[in-house]
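Quick notes on the structure that follows.
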Amino acid sequence: MSPLDLRSQGLTVQNIKHNLGPARLYEEAIRAEADTVIANSGALIAYSGTKTGRSPKDKRVVRHPGSAQDVWWGSVNVAIEGSTFQIAKERAIDYLNTRTSLYVVDAFAGWDPEYRVKVRVICARPYHALFMHTMLIRPTLDELETFGDPDAWIINAGQFPANRHTTGMTSKTSVELNLETREMVILGTEYAGEMKKGVFTMMNYFMPRRGVLSMHCSATADRETGQSSVLFGLSGTGKTTLSADPKRELIGDDEHCWTDKGIFNIEGGCYAKAIDLTPEAEPDIFSALRFGAVLENVVYSEYDHAVDFANDSITQNTRGAYPIEFIQNARIPCVAGHPTDVIFLTCDAFGILPPVSRLTPEQAMYHFISGYTAKVAGTEVGVTEPEATFSPCFGGPFMVWHPGKYAELLAQRMAQHKVAAWLVNTGWSGGSHGVGSRIKLGLTRAIIDAIHSGALRSAPTTPDPQFGILAVTQCPEVPSEILVPSNTWANKTQFDDTARRLAGLFRDNFKTYASGVSAEVRAAGPS
Ligand code: ATP
Ligand code: MN
């Protein structure tokens with residue numbers, strides 16, 4: 001391959017390390033950074049500095065006449081002028097030009113060749129390059145030879161701060177997106193997850209424009225039929241954990257698109273939470289954290305570099321990134337047929353929502369737009385205590401269009417393919433956080449199995465008194481007494497009070513969206 005010339009981007013660094021593989025990036029990372037080491041499992045251990053989660057408040061989007069009508073402006077998509085973007089970009093380029101070498105990763109987003117996006121990542125830390133090499137779809141050598149001009153750019157100068165006196169910036173962190181030029185610029189955060197979610201945000205703009213639904217969900221497929229099932233959910237609700245399922249083929253753990261042909265994964269890797277990871281509870285993920293994987297912000301033994309997965313002294317949000325083929329039953333290419341089931345995962349720290357409920361199409365829309373969960377020691381900077389959150393489409397921070405756009409595409413596809421909808425609570429049972437306990441992972445896995453086997457389609461149900469959804473009352477391998485939450489609370493009055501309080505939070509939150517949905521969807525919420 002001829003040497004890469006990035007002068008058109010203003011980059012004058014001579015030593016550009018273009019498309020290095022994991023072994024080379026390991027070497028570079030260990031030589032360049034004193035605190036980067038190899039774990040005894042073979043994974044590369046790296047640190048992201050002060051930011052150990054995303055910084056959603058520091059995201060900015062360029063307001064441009066070409067896309068201004070399309071974007072859902074507000075607290076998720078905070079508008080900046082093109083000139084502000086230029087200032088940030090130049091600052092990033094100036095910083096990168098002070099480095100003696102740079103890393104460039106060329107790779108794809110989207111497994112369906114029809115919708116594939118060519119992404120170029122430019123960064124100064126080998127760890128960032130390895131992360132994106134892992135998380136994007138790795139081209140073959142032939143595909144790299146003919147890669148040509150990228151469709152999208154990520155310019156990561158995360159080690160260098162933004163200037164907070166720049167118009168529209170409020171901190172030393174800045175994650176800026178220009179939809180016109182398809183560029184993302186990162187300053188003041190070295191959290192690698194910003195890059196992956198930046199690609200997702202771009203897809204969330206460009207895919208709906210082509211009539212394709214982009215989704216914050218994991219996906220698995222039935223080995224025999226090739227039909228899929230998607231699991232939506234906010235951070236920590238179980239998308240990654242529950243999609244690593246030896247009975248199914250893995251399509252992906254976080255970002256997918258639904259086209260007229262079926263679904264495809266956007267990514268080539270998975271990004272699992274590593275806190276309290278054990279080989280017993282999550283064998284597939286545990287064994288994927290080997291040579292070629294990146295472990296972030298974990299604590300390890302100086303003696304043998306064994307990782308202490310229970311140690312959260314750096315952050316609760318420790319993570320492991322690994323190529324998707326490290327999961328044995330991954331389906332390559334990561335595409336599958338239309339979903340038979342759409343599952344909404346919620347981690348309800350109030351302990352009110354049933355472990356599994358069947359939803360009508362209207363209830364599905366109501367819950368999709370609400371996007372409820374409770375944040376438990378989260379991915380975002382500054383969150384350590386549980387708190388109810390609502391995030392439309394179960395991924396508000398990454399949506400670019402108004403949530404109604406995604407809801408419409410989802411409703412239309414679910415109707416067309418007669419998809420069943422489910423709400424699964426992976427959170428608390430027997431009381432709220434502090435009194436009750438989190439539903440055992442094994443039980444949630446049994447619930448997901450029963451959805452996939454079809455057993456729950458005709459299972460007996462009882463309407464939830466507050467939420468109106470049909471709580472499933474009999475599920476193979478799950479004790480019936482936990483399926484109706486009020487039965488698990490010692491104090492019934494407290495249950496009723498808490499349920500009313502949660503229902504009130506749902507109603508308050510939905511007010512913002514009520515005018516944009518049908519009367520049937522409005523009526524599908526809690527009474
Ligand atoms: P993100 O969007 O941040 O990647 P995610 O939805 O993929 O989040 P997971 O990485 O799957 O979330 O995290 C779920 C965490 O909760 C895991 O650490 C898992 O071990 C734990 N957990 C405990 N009980 C359950 C349960 N009943 N169901 C699912 N996960 C559970
Ligand atoms: Mn995940």
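Order determines the names: the first chain of the structure tokens is A, the second B, and so forth; residues in each chain are numbered 1 upward, and ligands are numbered 1 upward as they are shown.
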
Kindly provide the residues of region 276-349 of chain A that approach region 41-65 of chain A to within 7 Å, each paired with its closest atom pair and their distance in Å to one decimal, based on only C-alpha atoms, listed by chain and increasing number, as a Markdown table.
| residue | atom | partner | partner_atom | distance |
| --- | --- | --- | --- | --- |
| A:Leu289 | CA | A:Ala43 | CA | 5.7 |
| A:Arg290 | CA | A:Ala43 | CA | 4.5 |
| A:Phe291 | CA | A:Gly42 | CA | 4.1 |
| A:Gly292 | CA | A:Ala43 | CA | 6.0 |
| A:Ala293 | CA | A:Ala43 | CA | 4.9 |
| A:Val294 | CA | A:Leu44 | CA | 4.8 |
| A:Leu295 | CA | A:Ile45 | CA | 4.7 |
| A:Glu296 | CA | A:Ala46 | CA | 5.2 |
| A:Asn297 | CA | A:Tyr47 | CA | 4.9 |
| A:Thr315 | CA | A:Thr52 | CA | 6.6 |
| A:Asn317 | CA | A:Thr52 | CA | 6.8 |

Test item: residues at most 9 Å from region 499-513 of chain A, only C-alpha atoms, excluding those fewer than 2 positions along its chain, as a ChimeraX atom specification: /A:350-353,366,369-370,372,388,390,403-404,466-467,494-497,515-517,522,525-527

Surrounding residues as a PDB file with all heavy atoms, in the first residue's frame, ligand 1, max 7 Å, only C-alpha atoms and all ligand atoms:
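Listing of part_31.pdb after writing:
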ATOM      1  N   GLY A 233     -32.473  -1.458  24.597  1.00  0.00           N
ATOM      2  CA  GLY A 233     -32.314  -1.143  26.008  1.00  0.00           C
ATOM      3  C   GLY A 233     -31.238  -0.100  26.208  1.00  0.00           C
ATOM      4  O   GLY A 233     -30.282  -0.025  25.426  1.00  0.00           O
ATOM      5  N   LEU A 234     -31.388   0.681  27.244  1.00  0.00           N
ATOM      6  CA  LEU A 234     -30.381   1.684  27.574  1.00  0.00           C
ATOM      7  C   LEU A 234     -29.186   1.000  28.224  1.00  0.00           C
ATOM      8  O   LEU A 234     -29.188  -0.220  28.416  1.00  0.00           O
ATOM      9  CB  LEU A 234     -31.004   2.759  28.473  1.00  0.00           C
ATOM     10  CG  LEU A 234     -31.960   3.641  27.668  1.00  0.00           C
ATOM     11  CD1 LEU A 234     -32.952   4.356  28.571  1.00  0.00           C
ATOM     12  CD2 LEU A 234     -31.184   4.642  26.839  1.00  0.00           C
ATOM     13  N   SER A 235     -28.181   1.795  28.570  1.00  0.00           N
ATOM     14  CA  SER A 235     -26.951   1.255  29.122  1.00  0.00           C
ATOM     15  C   SER A 235     -27.209   0.411  30.373  1.00  0.00           C
ATOM     16  O   SER A 235     -27.959   0.822  31.258  1.00  0.00           O
ATOM     17  CB  SER A 235     -25.999   2.402  29.459  1.00  0.00           C
ATOM     18  OG  SER A 235     -24.752   1.871  29.811  1.00  0.00           O
ATOM     19  N   GLY A 236     -26.600  -0.752  30.418  1.00  0.00           N
ATOM     20  CA  GLY A 236     -26.659  -1.586  31.610  1.00  0.00           C
ATOM     21  C   GLY A 236     -27.909  -2.431  31.737  1.00  0.00           C
ATOM     22  O   GLY A 236     -28.113  -3.111  32.745  1.00  0.00           O
ATOM     23  N   THR A 237     -28.767  -2.430  30.719  1.00  0.00           N
ATOM     24  CA  THR A 237     -30.015  -3.194  30.823  1.00  0.00           C
ATOM     25  C   THR A 237     -29.831  -4.649  30.393  1.00  0.00           C
ATOM     26  O   THR A 237     -30.692  -5.482  30.685  1.00  0.00           O
ATOM     27  CB  THR A 237     -31.135  -2.552  29.976  1.00  0.00           C
ATOM     28  OG1 THR A 237     -30.679  -2.430  28.620  1.00  0.00           O
ATOM     29  CG2 THR A 237     -31.488  -1.172  30.506  1.00  0.00           C
ATOM     30  N   GLY A 238     -28.740  -4.952  29.680  1.00  0.00           N
ATOM     31  CA  GLY A 238     -28.467  -6.354  29.357  1.00  0.00           C
ATOM     32  C   GLY A 238     -28.361  -6.685  27.874  1.00  0.00           C
ATOM     33  O   GLY A 238     -28.339  -7.864  27.508  1.00  0.00           O
ATOM     34  N   LYS A 239     -28.280  -5.676  27.015  1.00  0.00           N
ATOM     35  CA  LYS A 239     -28.182  -5.962  25.574  1.00  0.00           C
ATOM     36  C   LYS A 239     -27.012  -6.903  25.273  1.00  0.00           C
ATOM     37  O   LYS A 239     -27.188  -7.934  24.639  1.00  0.00           O
ATOM     38  CB  LYS A 239     -27.964  -4.663  24.769  1.00  0.00           C
ATOM     39  CG  LYS A 239     -29.144  -3.731  24.754  1.00  0.00           C
ATOM     40  CD  LYS A 239     -28.893  -2.527  23.864  1.00  0.00           C
ATOM     41  CE  LYS A 239     -27.719  -1.676  24.279  1.00  0.00           C
ATOM     42  NZ  LYS A 239     -27.837  -1.096  25.632  1.00  0.00           N
ATOM     43  N   THR A 240     -25.820  -6.525  25.731  1.00  0.00           N
ATOM     44  CA  THR A 240     -24.630  -7.309  25.404  1.00  0.00           C
ATOM     45  C   THR A 240     -24.663  -8.666  26.106  1.00  0.00           C
ATOM     46  O   THR A 240     -24.462  -9.714  25.485  1.00  0.00           O
ATOM     47  CB  THR A 240     -23.359  -6.524  25.796  1.00  0.00           C
ATOM     48  OG1 THR A 240     -23.345  -5.298  25.058  1.00  0.00           O
ATOM     49  CG2 THR A 240     -22.103  -7.309  25.490  1.00  0.00           C
ATOM     50  N   THR A 241     -24.954  -8.644  27.406  1.00  0.00           N
ATOM     51  CA  THR A 241     -24.965  -9.880  28.190  1.00  0.00           C
ATOM     52  C   THR A 241     -25.945 -10.898  27.617  1.00  0.00           C
ATOM     53  O   THR A 241     -25.617 -12.067  27.431  1.00  0.00           O
ATOM     54  CB  THR A 241     -25.346  -9.547  29.646  1.00  0.00           C
ATOM     55  OG1 THR A 241     -24.315  -8.738  30.202  1.00  0.00           O
ATOM     56  CG2 THR A 241     -25.514 -10.795  30.480  1.00  0.00           C
ATOM     57  N   LEU A 242     -27.175 -10.459  27.311  1.00  0.00           N
ATOM     58  CA  LEU A 242     -28.212 -11.400  26.889  1.00  0.00           C
ATOM     59  C   LEU A 242     -28.056 -11.830  25.433  1.00  0.00           C
ATOM     60  O   LEU A 242     -28.610 -12.858  25.024  1.00  0.00           O
ATOM     61  CB  LEU A 242     -29.597 -10.799  27.133  1.00  0.00           C
ATOM     62  CG  LEU A 242     -29.914 -10.535  28.615  1.00  0.00           C
ATOM     63  CD1 LEU A 242     -31.170  -9.678  28.758  1.00  0.00           C
ATOM     64  CD2 LEU A 242     -30.061 -11.841  29.388  1.00  0.00           C
ATOM     65  N   ASP A 253     -24.116  -6.707  19.376  1.00  0.00           N
ATOM     66  CA  ASP A 253     -24.488  -6.435  20.774  1.00  0.00           C
ATOM     67  C   ASP A 253     -25.002  -5.025  21.019  1.00  0.00           C
ATOM     68  O   ASP A 253     -25.379  -4.709  22.138  1.00  0.00           O
ATOM     69  CB  ASP A 253     -23.300  -6.725  21.707  1.00  0.00           C
ATOM     70  CG  ASP A 253     -22.296  -5.581  21.716  1.00  0.00           C
ATOM     71  OD1 ASP A 253     -22.045  -5.007  20.634  1.00  0.00           O
ATOM     72  OD2 ASP A 253     -21.786  -5.255  22.800  1.00  0.00           O
ATOM     73  N   ASP A 254     -25.024  -4.142  19.979  1.00  0.00           N
ATOM     74  CA  ASP A 254     -25.368  -2.754  20.323  1.00  0.00           C
ATOM     75  C   ASP A 254     -26.034  -1.897  19.251  1.00  0.00           C
ATOM     76  O   ASP A 254     -26.857  -1.060  19.593  1.00  0.00           O
ATOM     77  CB  ASP A 254     -24.084  -2.040  20.793  1.00  0.00           C
ATOM     78  CG  ASP A 254     -24.361  -0.789  21.607  1.00  0.00           C
ATOM     79  OD1 ASP A 254     -25.154  -0.876  22.562  1.00  0.00           O
ATOM     80  OD2 ASP A 254     -23.802   0.275  21.293  1.00  0.00           O
ATOM     81  N   TYR A 271     -18.740  -4.511  22.856  1.00  0.00           N
ATOM     82  CA  TYR A 271     -18.174  -3.643  23.894  1.00  0.00           C
ATOM     83  C   TYR A 271     -18.921  -3.944  25.183  1.00  0.00           C
ATOM     84  O   TYR A 271     -19.947  -3.345  25.469  1.00  0.00           O
ATOM     85  CB  TYR A 271     -18.379  -2.197  23.454  1.00  0.00           C
ATOM     86  CG  TYR A 271     -17.584  -1.138  24.199  1.00  0.00           C
ATOM     87  CD1 TYR A 271     -16.316  -1.393  24.707  1.00  0.00           C
ATOM     88  CD2 TYR A 271     -18.101   0.142  24.341  1.00  0.00           C
ATOM     89  CE1 TYR A 271     -15.598  -0.391  25.352  1.00  0.00           C
ATOM     90  CE2 TYR A 271     -17.389   1.152  24.977  1.00  0.00           C
ATOM     91  CZ  TYR A 271     -16.136   0.881  25.485  1.00  0.00           C
ATOM     92  OH  TYR A 271     -15.424   1.878  26.110  1.00  0.00           O
ATOM     93  N   ALA A 272     -18.389  -4.902  25.930  1.00  0.00           N
ATOM     94  CA  ALA A 272     -19.119  -5.407  27.094  1.00  0.00           C
ATOM     95  C   ALA A 272     -18.701  -4.697  28.376  1.00  0.00           C
ATOM     96  O   ALA A 272     -17.526  -4.340  28.541  1.00  0.00           O
ATOM     97  CB  ALA A 272     -18.855  -6.907  27.248  1.00  0.00           C
ATOM     98  N   LYS A 273     -19.651  -4.549  29.264  1.00  0.00           N
ATOM     99  CA  LYS A 273     -19.320  -4.101  30.610  1.00  0.00           C
ATOM    100  C   LYS A 273     -18.512  -5.211  31.261  1.00  0.00           C
ATOM    101  O   LYS A 273     -18.832  -6.387  31.106  1.00  0.00           O
ATOM    102  CB  LYS A 273     -20.608  -3.904  31.418  1.00  0.00           C
ATOM    103  CG  LYS A 273     -21.323  -2.628  31.087  1.00  0.00           C
ATOM    104  CD  LYS A 273     -22.527  -2.464  32.005  1.00  0.00           C
ATOM    105  CE  LYS A 273     -23.204  -1.148  31.765  1.00  0.00           C
ATOM    106  NZ  LYS A 273     -22.365   0.009  32.139  1.00  0.00           N
ATOM    107  N   ALA A 274     -17.470  -4.814  32.001  1.00  0.00           N
ATOM    108  CA  ALA A 274     -16.609  -5.840  32.578  1.00  0.00           C
ATOM    109  C   ALA A 274     -16.734  -5.917  34.100  1.00  0.00           C
ATOM    110  O   ALA A 274     -16.141  -6.803  34.718  1.00  0.00           O
ATOM    111  CB  ALA A 274     -15.161  -5.596  32.172  1.00  0.00           C
ATOM    112  N   ILE A 275     -17.517  -5.014  34.681  1.00  0.00           N
ATOM    113  CA  ILE A 275     -17.572  -4.994  36.137  1.00  0.00           C
ATOM    114  C   ILE A 275     -18.226  -6.289  36.642  1.00  0.00           C
ATOM    115  O   ILE A 275     -19.244  -6.742  36.102  1.00  0.00           O
ATOM    116  CB  ILE A 275     -18.299  -3.728  36.684  1.00  0.00           C
ATOM    117  CG1 ILE A 275     -17.941  -3.487  38.136  1.00  0.00           C
ATOM    118  CG2 ILE A 275     -19.812  -3.771  36.493  1.00  0.00           C
ATOM    119  CD1 ILE A 275     -16.528  -3.033  38.371  1.00  0.00           C
ATOM    120  N   ASP A 276     -17.575  -6.916  37.610  1.00  0.00           N
ATOM    121  CA  ASP A 276     -18.061  -8.157  38.213  1.00  0.00           C
ATOM    122  C   ASP A 276     -18.197  -9.313  37.215  1.00  0.00           C
ATOM    123  O   ASP A 276     -18.949 -10.264  37.458  1.00  0.00           O
ATOM    124  CB  ASP A 276     -19.415  -7.935  38.920  1.00  0.00           C
ATOM    125  CG  ASP A 276     -19.283  -6.991  40.102  1.00  0.00           C
ATOM    126  OD1 ASP A 276     -18.209  -6.991  40.741  1.00  0.00           O
ATOM    127  OD2 ASP A 276     -20.235  -6.243  40.374  1.00  0.00           O
ATOM    128  N   LEU A 277     -17.514  -9.202  36.101  1.00  0.00           N
ATOM    129  CA  LEU A 277     -17.568 -10.278  35.107  1.00  0.00           C
ATOM    130  C   LEU A 277     -16.998 -11.558  35.704  1.00  0.00           C
ATOM    131  O   LEU A 277     -15.952 -11.532  36.352  1.00  0.00           O
ATOM    132  CB  LEU A 277     -16.744  -9.860  33.877  1.00  0.00           C
ATOM    133  CG  LEU A 277     -16.771 -10.807  32.676  1.00  0.00           C
ATOM    134  CD1 LEU A 277     -18.152 -10.812  32.034  1.00  0.00           C
ATOM    135  CD2 LEU A 277     -15.726 -10.378  31.647  1.00  0.00           C
ATOM    136  N   THR A 379     -22.697   4.613  32.670  1.00  0.00           N
ATOM    137  CA  THR A 379     -21.701   4.841  31.646  1.00  0.00           C
ATOM    138  C   THR A 379     -21.366   6.314  31.580  1.00  0.00           C
ATOM    139  O   THR A 379     -20.366   6.707  31.036  1.00  0.00           O
ATOM    140  CB  THR A 379     -22.306   4.407  30.309  1.00  0.00           C
ATOM    141  OG1 THR A 379     -22.625   3.051  30.415  1.00  0.00           O
ATOM    142  CG2 THR A 379     -21.377   4.594  29.156  1.00  0.00           C
ATOM    143  N   THR A 426     -35.027  -6.369  33.657  1.00  0.00           N
ATOM    144  CA  THR A 426     -33.825  -7.052  34.142  1.00  0.00           C
ATOM    145  C   THR A 426     -33.355  -6.430  35.466  1.00  0.00           C
ATOM    146  O   THR A 426     -32.243  -6.690  35.917  1.00  0.00           O
ATOM    147  CB  THR A 426     -32.673  -6.957  33.110  1.00  0.00           C
ATOM    148  OG1 THR A 426     -32.269  -5.580  32.981  1.00  0.00           O
ATOM    149  CG2 THR A 426     -33.093  -7.469  31.748  1.00  0.00           C
ATOM    150  N   GLY A 427     -34.228  -5.598  36.045  1.00  0.00           N
ATOM    151  CA  GLY A 427     -33.859  -4.876  37.261  1.00  0.00           C
ATOM    152  C   GLY A 427     -34.361  -5.553  38.524  1.00  0.00           C
ATOM    153  O   GLY A 427     -34.248  -6.776  38.677  1.00  0.00           O
ATOM    154  N   ARG A 438     -31.607  -7.588  42.386  1.00  0.00           N
ATOM    155  CA  ARG A 438     -31.716  -7.665  40.934  1.00  0.00           C
ATOM    156  C   ARG A 438     -32.134  -9.075  40.519  1.00  0.00           C
ATOM    157  O   ARG A 438     -31.670 -10.067  41.094  1.00  0.00           O
ATOM    158  CB  ARG A 438     -30.391  -7.281  40.266  1.00  0.00           C
ATOM    159  CG  ARG A 438     -30.563  -7.044  38.779  1.00  0.00           C
ATOM    160  CD  ARG A 438     -29.526  -6.176  38.162  1.00  0.00           C
ATOM    161  NE  ARG A 438     -29.810  -6.021  36.733  1.00  0.00           N
ATOM    162  CZ  ARG A 438     -28.967  -5.546  35.846  1.00  0.00           C
ATOM    163  NH1 ARG A 438     -27.786  -5.144  36.224  1.00  0.00           N
ATOM    164  NH2 ARG A 438     -29.318  -5.436  34.570  1.00  0.00           N
ATOM    165  N   ILE A 439     -33.013  -9.132  39.542  1.00  0.00           N
ATOM    166  CA  ILE A 439     -33.469 -10.427  39.032  1.00  0.00           C
ATOM    167  C   ILE A 439     -32.257 -11.218  38.550  1.00  0.00           C
ATOM    168  O   ILE A 439     -31.387 -10.682  37.866  1.00  0.00           O
ATOM    169  CB  ILE A 439     -34.490 -10.221  37.885  1.00  0.00           C
ATOM    170  CG1 ILE A 439     -35.739  -9.537  38.427  1.00  0.00           C
ATOM    171  CG2 ILE A 439     -34.820 -11.535  37.193  1.00  0.00           C
ATOM    172  CD1 ILE A 439     -36.680  -9.013  37.368  1.00  0.00           C
ATOM    173  N   LYS A 440     -32.194 -12.483  38.952  1.00  0.00           N
ATOM    174  CA  LYS A 440     -31.047 -13.318  38.605  1.00  0.00           C
ATOM    175  C   LYS A 440     -30.896 -13.424  37.089  1.00  0.00           C
ATOM    176  O   LYS A 440     -31.866 -13.646  36.371  1.00  0.00           O
ATOM    177  CB  LYS A 440     -31.218 -14.723  39.187  1.00  0.00           C
ATOM    178  CG  LYS A 440     -31.143 -14.754  40.710  1.00  0.00           C
ATOM    179  CD  LYS A 440     -29.714 -15.005  41.178  1.00  0.00           C
ATOM    180  CE  LYS A 440     -29.552 -14.881  42.668  1.00  0.00           C
ATOM    181  NZ  LYS A 440     -29.784 -13.505  43.173  1.00  0.00           N
ATOM    182  N   LEU A 441     -29.654 -13.271  36.650  1.00  0.00           N
ATOM    183  CA  LEU A 441     -29.367 -13.344  35.216  1.00  0.00           C
ATOM    184  C   LEU A 441     -29.908 -14.638  34.605  1.00  0.00           C
ATOM    185  O   LEU A 441     -30.479 -14.632  33.508  1.00  0.00           O
ATOM    186  CB  LEU A 441     -27.847 -13.212  35.005  1.00  0.00           C
ATOM    187  CG  LEU A 441     -27.313 -13.323  33.582  1.00  0.00           C
ATOM    188  CD1 LEU A 441     -27.992 -12.332  32.645  1.00  0.00           C
ATOM    189  CD2 LEU A 441     -25.798 -13.111  33.571  1.00  0.00           C
ATOM    190  N   GLY A 442     -29.784 -15.742  35.324  1.00  0.00           N
ATOM    191  CA  GLY A 442     -30.264 -17.032  34.822  1.00  0.00           C
ATOM    192  C   GLY A 442     -31.764 -17.007  34.558  1.00  0.00           C
ATOM    193  O   GLY A 442     -32.245 -17.628  33.586  1.00  0.00           O
ATOM    194  N   LEU A 443     -32.516 -16.301  35.388  1.00  0.00           N
ATOM    195  CA  LEU A 443     -33.963 -16.219  35.199  1.00  0.00           C
ATOM    196  C   LEU A 443     -34.292 -15.365  33.976  1.00  0.00           C
ATOM    197  O   LEU A 443     -35.173 -15.703  33.183  1.00  0.00           O
ATOM    198  CB  LEU A 443     -34.643 -15.661  36.451  1.00  0.00           C
ATOM    199  CG  LEU A 443     -34.517 -16.543  37.705  1.00  0.00           C
ATOM    200  CD1 LEU A 443     -35.199 -15.882  38.906  1.00  0.00           C
ATOM    201  CD2 LEU A 443     -35.102 -17.941  37.449  1.00  0.00           C
ATOM    202  N   THR A 444     -33.570 -14.247  33.833  1.00  0.00           N
ATOM    203  CA  THR A 444     -33.806 -13.420  32.639  1.00  0.00           C
ATOM    204  C   THR A 444     -33.454 -14.206  31.375  1.00  0.00           C
ATOM    205  O   THR A 444     -34.170 -14.154  30.382  1.00  0.00           O
ATOM    206  CB  THR A 444     -32.993 -12.111  32.709  1.00  0.00           C
ATOM    207  OG1 THR A 444     -33.382 -11.410  33.893  1.00  0.00           O
ATOM    208  CG2 THR A 444     -33.292 -11.220  31.514  1.00  0.00           C
TER     209      THR A 444
END

Residue set, region 135-191 of chain A restricted to strand (DSSP E or B), as number ranges by chain: A: 137, 152-157, 174-178, 183-187

Pairwise distance for CA of Val212 (chain A) and CA of Pro113 (chain A), rounded to one decimal in Å: 13.9 Å

Proximity to Thr488 (chain A) - best of A:Ser518, A:Val435, A:Thr462, A:Gly198, only C-alpha atoms: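 Checking each of A:Ser518, A:Val435, A:Thr462, A:Gly198 against Thr488 (chain A), counting only C-alpha atoms, the winner is A:Val435.
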
Alpha helix (DSSP H) positions in region 144-346 of chain A, given as number ranges by chain: A: 144-145, 193-209, 239-243, 283-288

If you keep C-alpha atoms, can you produce a file of those selected residues as a compact mmCIF listing (two decimals), in the first residue's frame?
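File part.txt, as written:
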# COMPACT_ATOMS: atom_id res chain seq x y z
CA LEU A 144 -8.04 -2.03 2.03
CA GLU A 145 -6.15 -1.78 -1.27
CA GLY A 193 -16.64 4.73 23.41
CA GLU A 194 -17.21 8.27 22.08
CA MET A 195 -15.86 7.15 18.70
CA LYS A 196 -18.11 4.11 18.39
CA LYS A 197 -21.19 6.07 19.40
CA GLY A 198 -20.14 8.84 17.00
CA VAL A 199 -20.34 6.38 14.11
CA PHE A 200 -23.72 5.22 15.42
CA THR A 201 -24.97 8.82 15.59
CA MET A 202 -24.01 9.37 11.96
CA MET A 203 -25.83 6.15 10.98
CA ASN A 204 -28.85 7.37 12.95
CA TYR A 205 -28.94 10.36 10.63
CA PHE A 206 -28.13 8.80 7.28
CA MET A 207 -30.02 5.47 7.52
CA PRO A 208 -33.54 6.87 8.17
CA ARG A 209 -32.94 9.23 5.26
CA LYS A 239 -28.18 -5.96 25.57
CA THR A 240 -24.63 -7.31 25.40
CA THR A 241 -24.97 -9.88 28.19
CA LEU A 242 -28.21 -11.40 26.89
CA SER A 243 -27.10 -11.46 23.25
CA PRO A 283 -18.46 -17.54 29.82
CA ASP A 284 -18.60 -16.30 26.21
CA ILE A 285 -17.69 -12.72 27.06
CA PHE A 286 -15.06 -13.78 29.58
CA SER A 287 -13.22 -15.94 27.08
CA ALA A 288 -13.48 -13.27 24.35

Counting only C-alpha atoms, the option among A:Leu179, A:Val400, A:Ala455, A:Ile137 closest to Gly66 (chain A):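 Smallest separation from Gly66 (chain A) among the options: A:Leu179.
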
Which of A:Cys270, A:Ile482, A:Leu456, A:Leu213 sits closest to ligand 2 [using only C-alpha atoms and all ligand atoms]: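 The shortest atom-to-atom distance to ligand 2 comes from A:Cys270.
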
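The smallest atom-to-atom distance between Leu359 (chain A) and any of A:Ser301, A:Thr389, A:Thr278, A:Thr461, using only C-alpha atoms, is found for A:Thr461.
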
A:Gly82, A:Pro463, A:Gly168, A:Gly434 ranked by distance to Thr181 (chain A), top pick (using only C-alpha atoms): A:Gly82

Leu470 (chain A) environment, 12 Å, only C-alpha atoms, sequence neighbours closer than 3 positions dropped, as JSON, numbers by chain: {"A": [353, 354, 355, 356, 357, 358, 359, 360, 363, 364, 421, 422, 423, 424, 456, 457, 458, 459, 460, 461, 462, 463, 464, 465, 466, 467, 473, 474, 483, 484, 524]}

Å distance separating CA of Ala109 (chain A) from CA of Ala29 (chain A), one decimal place: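 Spanning CA of Ala109 (chain A) to CA of Ala29 (chain A) is a straight-line distance of 24.5 Å.
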
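The neighbours of Gln227 (chain A) here are the residues that come within 10 Å of it, using only C-alpha atoms and leaving out any residue fewer than 5 positions away in the same chain; they are Thr220, Ala221, Asp222, Gly262, Ile263, Val335, Ala336, Gly337, His338, Pro339, Thr340 and Asp341 of chain A.
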